[in-house]
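See below for the structure under consideration.
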Amino acid sequence: MNNFKTAVISGLNEYLDSLYKALDGLNKNELKWQPSLESNNIIYLVWHMARVEDNWINQIIGGNKTVWSLNNWSKKLNIEENDYGKGYLKEDISDLSDMNINDVLKFYKQQRDQSISIINELSDEDLNRDYKRLTGELKKGYWILGHVLVEESQHLGQIAYIRGMIRGLNK
């Protein structure tokens, strides 16, 4: 495996470990708490992170159906098939299905396992290839993997910040 793929997988594993730590011990009310009506809540962010990674890596780079679709997660979590949380407004957050965090994390783990398999199989040509985003814009494979790390890390920071607002430092 080349060093780029090793670095990406290392980053994916690091932020997933940090995500589990940020979620540790939070109850249902804390997972749904919003700092303001215009803010995301933690469970939405976890679901959105898993959907984003699944879309970018499994669907766009891998050329497969998403794990979300293949394993009927939309039915299990009672969320529309094509929804991945982009552009949500405060009404969308308040109307979001009452998800169980353990189910969301099962989906996260399934899509992550598939994502790692796809990354391990990528060649240098795959990384340099243009892939069509859901918006139609073309992006290189290496850009997509870097973007996933940045976006997911930003959302992880949001989760950690919300947790800190709820529980205080290191609790």
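So you can find residues: chains in the structure tokens are A, B, ... in the order shown, residues in each start at 1, and ligands are numbered from 1 in order.
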
If you count only C-alpha atoms, which residues fall within 9 Å of segment 124-134 of chain A, apart from same-chain ones fewer than 2 positions away, as a ChimeraX atom specification?
/A:2,55-56,60-61,122,136-145

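If you count only C-alpha atoms and ignore residues fewer than 3 places along the chain from Ile93 of chain A, what sits within 8 Å of it is Asn40, Asn41, Tyr44, Tyr88, Leu89, Lys90 and Leu96 of chain A.
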
I need the strand (DSSP E) residues of chain A per DSSP on the backbone, written as a PyMOL selection string.
chain A and resi 130-132+138-140

Those residues with N, CA and C atoms, as a PDB file, in the first residue's frame please?
```
ATOM      1  N   ASP A 130     -10.578  11.379 -12.545  1.00  0.00           N
ATOM      2  CA  ASP A 130     -11.675  12.297 -12.236  1.00  0.00           C
ATOM      3  C   ASP A 130     -12.926  11.497 -11.912  1.00  0.00           C
ATOM      4  N   TYR A 131     -13.591  11.887 -10.822  1.00  0.00           N
ATOM      5  CA  TYR A 131     -14.843  11.270 -10.400  1.00  0.00           C
ATOM      6  C   TYR A 131     -15.912  12.345 -10.375  1.00  0.00           C
ATOM      7  N   LYS A 132     -17.124  11.963 -10.741  1.00  0.00           N
ATOM      8  CA  LYS A 132     -18.220  12.926 -10.770  1.00  0.00           C
ATOM      9  C   LYS A 132     -18.906  12.965  -9.412  1.00  0.00           C
ATOM     10  N   LEU A 138     -16.458  17.494 -11.365  1.00  0.00           N
ATOM     11  CA  LEU A 138     -15.422  16.460 -11.364  1.00  0.00           C
ATOM     12  C   LEU A 138     -14.351  16.765 -10.325  1.00  0.00           C
ATOM     13  N   LYS A 139     -13.937  15.735  -9.593  1.00  0.00           N
ATOM     14  CA  LYS A 139     -12.859  15.853  -8.599  1.00  0.00           C
ATOM     15  C   LYS A 139     -11.970  14.619  -8.690  1.00  0.00           C
ATOM     16  N   LYS A 140     -10.684  14.807  -8.455  1.00  0.00           N
ATOM     17  CA  LYS A 140      -9.721  13.701  -8.455  1.00  0.00           C
ATOM     18  C   LYS A 140      -9.940  12.816  -7.224  1.00  0.00           C
TER      19      LYS A 140
END
```

Please run DSSP on the backbone and report, as a PyMOL selection string, all residues within chain A that come out as helix (DSSP H, G or I).
chain A and resi 3-23+28-32+42-61+67-70+73-77+90-95+101-121+124-128+141-167

Fewer than 4 positions away in the same chain doesn't count, so skip those; otherwise give me all residues within 7 Å of segment 22-25 of chain A, counting only C-alpha atoms, as an MDAnalysis selection string.
chainID A and resid 18 159:160 163

How would the residues just picked look written out with N, CA and C atoms as a PDB file, in the first residue's frame?
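Writing the result to result_13.pdb gives the following:
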```pdb
ATOM      1  N   SER A  18     -11.702   8.835  17.973  1.00  0.00           N
ATOM      2  CA  SER A  18     -12.064  10.065  18.688  1.00  0.00           C
ATOM      3  C   SER A  18     -13.570  10.256  18.741  1.00  0.00           C
ATOM      4  N   ILE A 159     -18.910  17.905  17.194  1.00  0.00           N
ATOM      5  CA  ILE A 159     -19.442  16.965  18.192  1.00  0.00           C
ATOM      6  C   ILE A 159     -18.730  17.167  19.529  1.00  0.00           C
ATOM      7  N   ALA A 160     -17.412  17.253  19.491  1.00  0.00           N
ATOM      8  CA  ALA A 160     -16.641  17.434  20.727  1.00  0.00           C
ATOM      9  C   ALA A 160     -17.005  18.756  21.401  1.00  0.00           C
ATOM     10  N   ARG A 163     -20.427  18.367  22.994  1.00  0.00           N
ATOM     11  CA  ARG A 163     -20.271  17.553  24.202  1.00  0.00           C
ATOM     12  C   ARG A 163     -19.704  18.409  25.339  1.00  0.00           C
TER      13      ARG A 163
END
```

Which polymer residues have any atom within 12 Å of an atom of Tyr161 of chain A, counting only C-alpha atoms, with same-chain residues fewer than 3 positions away left out, as a short mmCIF file (atom, residue, chain, number, x, y, z; two decimals) with N, CA and C atoms, in the first residue's frame?
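Produced file selection38.cif, reproduced below:
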```
data_model
loop_
_atom_site.label_atom_id
_atom_site.label_comp_id
_atom_site.auth_asym_id
_atom_site.auth_seq_id
_atom_site.Cartn_x
_atom_site.Cartn_y
_atom_site.Cartn_z
N LEU A 19 -14.26 9.83 17.70
CA LEU A 19 -15.73 9.92 17.70
C LEU A 19 -16.31 9.05 18.80
N ALA A 22 -15.88 10.75 22.04
CA ALA A 22 -16.77 11.91 22.19
C ALA A 22 -18.21 11.49 22.49
N LEU A 23 -18.59 10.30 22.04
CA LEU A 23 -19.96 9.81 22.26
C LEU A 23 -20.12 9.06 23.57
N GLN A 34 -29.32 20.71 21.14
CA GLN A 34 -28.79 21.70 20.20
C GLN A 34 -28.41 22.96 20.97
N PRO A 35 -27.21 23.50 20.71
CA PRO A 35 -26.83 24.74 21.37
C PRO A 35 -27.78 25.90 21.06
N SER A 39 -28.60 25.20 15.24
CA SER A 39 -27.42 24.34 15.34
C SER A 39 -27.77 22.87 15.10
N ASN A 40 -26.76 22.14 14.69
CA ASN A 40 -26.91 20.69 14.57
C ASN A 40 -26.86 20.05 15.95
N ASN A 41 -27.36 18.82 16.02
CA ASN A 41 -27.17 18.05 17.24
C ASN A 41 -26.20 16.91 16.96
N ILE A 42 -25.76 16.23 17.98
CA ILE A 42 -24.72 15.23 17.84
C ILE A 42 -25.17 14.04 17.01
N GLN A 154 -13.91 18.13 10.76
CA GLN A 154 -14.66 19.33 11.17
C GLN A 154 -15.91 18.94 11.94
N HIS A 155 -16.62 17.93 11.45
CA HIS A 155 -17.82 17.49 12.15
C HIS A 155 -17.48 16.86 13.51
N LEU A 156 -16.38 16.14 13.57
CA LEU A 156 -15.94 15.59 14.85
C LEU A 156 -15.67 16.72 15.85
N GLY A 157 -15.05 17.79 15.38
CA GLY A 157 -14.82 18.95 16.25
C GLY A 157 -16.12 19.56 16.74
N GLN A 158 -17.13 19.60 15.86
CA GLN A 158 -18.44 20.10 16.28
C GLN A 158 -19.04 19.22 17.37
N GLY A 164 -18.70 19.22 25.03
CA GLY A 164 -18.12 20.09 26.05
C GLY A 164 -19.13 21.09 26.59
N MET A 165 -20.01 21.58 25.74
CA MET A 165 -21.04 22.50 26.23
C MET A 165 -22.00 21.79 27.17
N ILE A 166 -22.27 20.53 26.90
CA ILE A 166 -23.20 19.75 27.73
C ILE A 166 -22.54 19.31 29.03
N ARG A 167 -21.33 18.77 28.92
CA ARG A 167 -20.70 18.09 30.05
C ARG A 167 -19.52 18.83 30.66
N GLY A 168 -19.03 19.85 29.99
CA GLY A 168 -17.82 20.51 30.50
C GLY A 168 -16.57 19.80 29.99
N LEU A 169 -15.44 20.29 30.38
CA LEU A 169 -14.18 19.73 29.91
C LEU A 169 -13.92 18.34 30.48
N ASN A 170 -13.47 17.44 29.63
CA ASN A 170 -13.00 16.11 30.02
C ASN A 170 -14.02 15.29 30.81
#
```

Report as a ChimeraX atom specification all protein, DNA and RNA residues lying within 10 Å of Gln114 of chain A, evaluated on only C-alpha atoms, omitting residues in the same chain fewer than 3 positions from it.
/A:54,57-58,62,66-67,109-111,117-120

Go ahead and dump the residues you just picked, N, CA and C atoms, as a PDB file, in the first residue's frame.
```pdb
ATOM      1  N   ASP A  54     -19.806   7.311   3.171  1.00  0.00           N
ATOM      2  CA  ASP A  54     -20.391   6.263   2.332  1.00  0.00           C
ATOM      3  C   ASP A  54     -20.587   6.757   0.899  1.00  0.00           C
ATOM      4  N   ILE A  57     -16.836   7.647  -0.767  1.00  0.00           N
ATOM      5  CA  ILE A  57     -15.900   6.543  -0.993  1.00  0.00           C
ATOM      6  C   ILE A  57     -16.576   5.338  -1.631  1.00  0.00           C
ATOM      7  N   ASN A  58     -17.664   4.880  -1.067  1.00  0.00           N
ATOM      8  CA  ASN A  58     -18.286   3.656  -1.576  1.00  0.00           C
ATOM      9  C   ASN A  58     -19.029   3.865  -2.890  1.00  0.00           C
ATOM     10  N   GLY A  62     -15.792   4.146  -5.344  1.00  0.00           N
ATOM     11  CA  GLY A  62     -15.944   2.703  -5.514  1.00  0.00           C
ATOM     12  C   GLY A  62     -16.863   2.316  -6.655  1.00  0.00           C
ATOM     13  N   THR A  66     -24.321   2.584  -2.254  1.00  0.00           N
ATOM     14  CA  THR A  66     -23.882   2.882  -0.895  1.00  0.00           C
ATOM     15  C   THR A  66     -24.260   1.724   0.028  1.00  0.00           C
ATOM     16  N   VAL A  67     -23.531   1.593   1.119  1.00  0.00           N
ATOM     17  CA  VAL A  67     -23.886   0.630   2.159  1.00  0.00           C
ATOM     18  C   VAL A  67     -25.259   1.000   2.717  1.00  0.00           C
ATOM     19  N   LYS A 109     -20.015   1.657  11.055  1.00  0.00           N
ATOM     20  CA  LYS A 109     -19.010   0.595  11.010  1.00  0.00           C
ATOM     21  C   LYS A 109     -19.092  -0.188   9.697  1.00  0.00           C
ATOM     22  N   GLN A 110     -20.302  -0.510   9.248  1.00  0.00           N
ATOM     23  CA  GLN A 110     -20.446  -1.245   7.989  1.00  0.00           C
ATOM     24  C   GLN A 110     -19.901  -0.453   6.811  1.00  0.00           C
ATOM     25  N   GLN A 111     -20.276   0.816   6.740  1.00  0.00           N
ATOM     26  CA  GLN A 111     -19.791   1.600   5.608  1.00  0.00           C
ATOM     27  C   GLN A 111     -18.294   1.841   5.720  1.00  0.00           C
ATOM     28  N   SER A 117     -11.913  -1.155   2.470  1.00  0.00           N
ATOM     29  CA  SER A 117     -11.673  -2.136   1.397  1.00  0.00           C
ATOM     30  C   SER A 117     -11.456  -1.434   0.061  1.00  0.00           C
ATOM     31  N   ILE A 118     -12.264  -0.438  -0.216  1.00  0.00           N
ATOM     32  CA  ILE A 118     -12.129   0.293  -1.477  1.00  0.00           C
ATOM     33  C   ILE A 118     -10.813   1.051  -1.514  1.00  0.00           C
ATOM     34  N   ILE A 119     -10.480   1.738  -0.443  1.00  0.00           N
ATOM     35  CA  ILE A 119      -9.222   2.493  -0.411  1.00  0.00           C
ATOM     36  C   ILE A 119      -8.035   1.561  -0.616  1.00  0.00           C
ATOM     37  N   ASN A 120      -8.047   0.406   0.030  1.00  0.00           N
ATOM     38  CA  ASN A 120      -6.942  -0.548  -0.122  1.00  0.00           C
ATOM     39  C   ASN A 120      -6.754  -1.000  -1.561  1.00  0.00           C
TER      40      ASN A 120
END
```
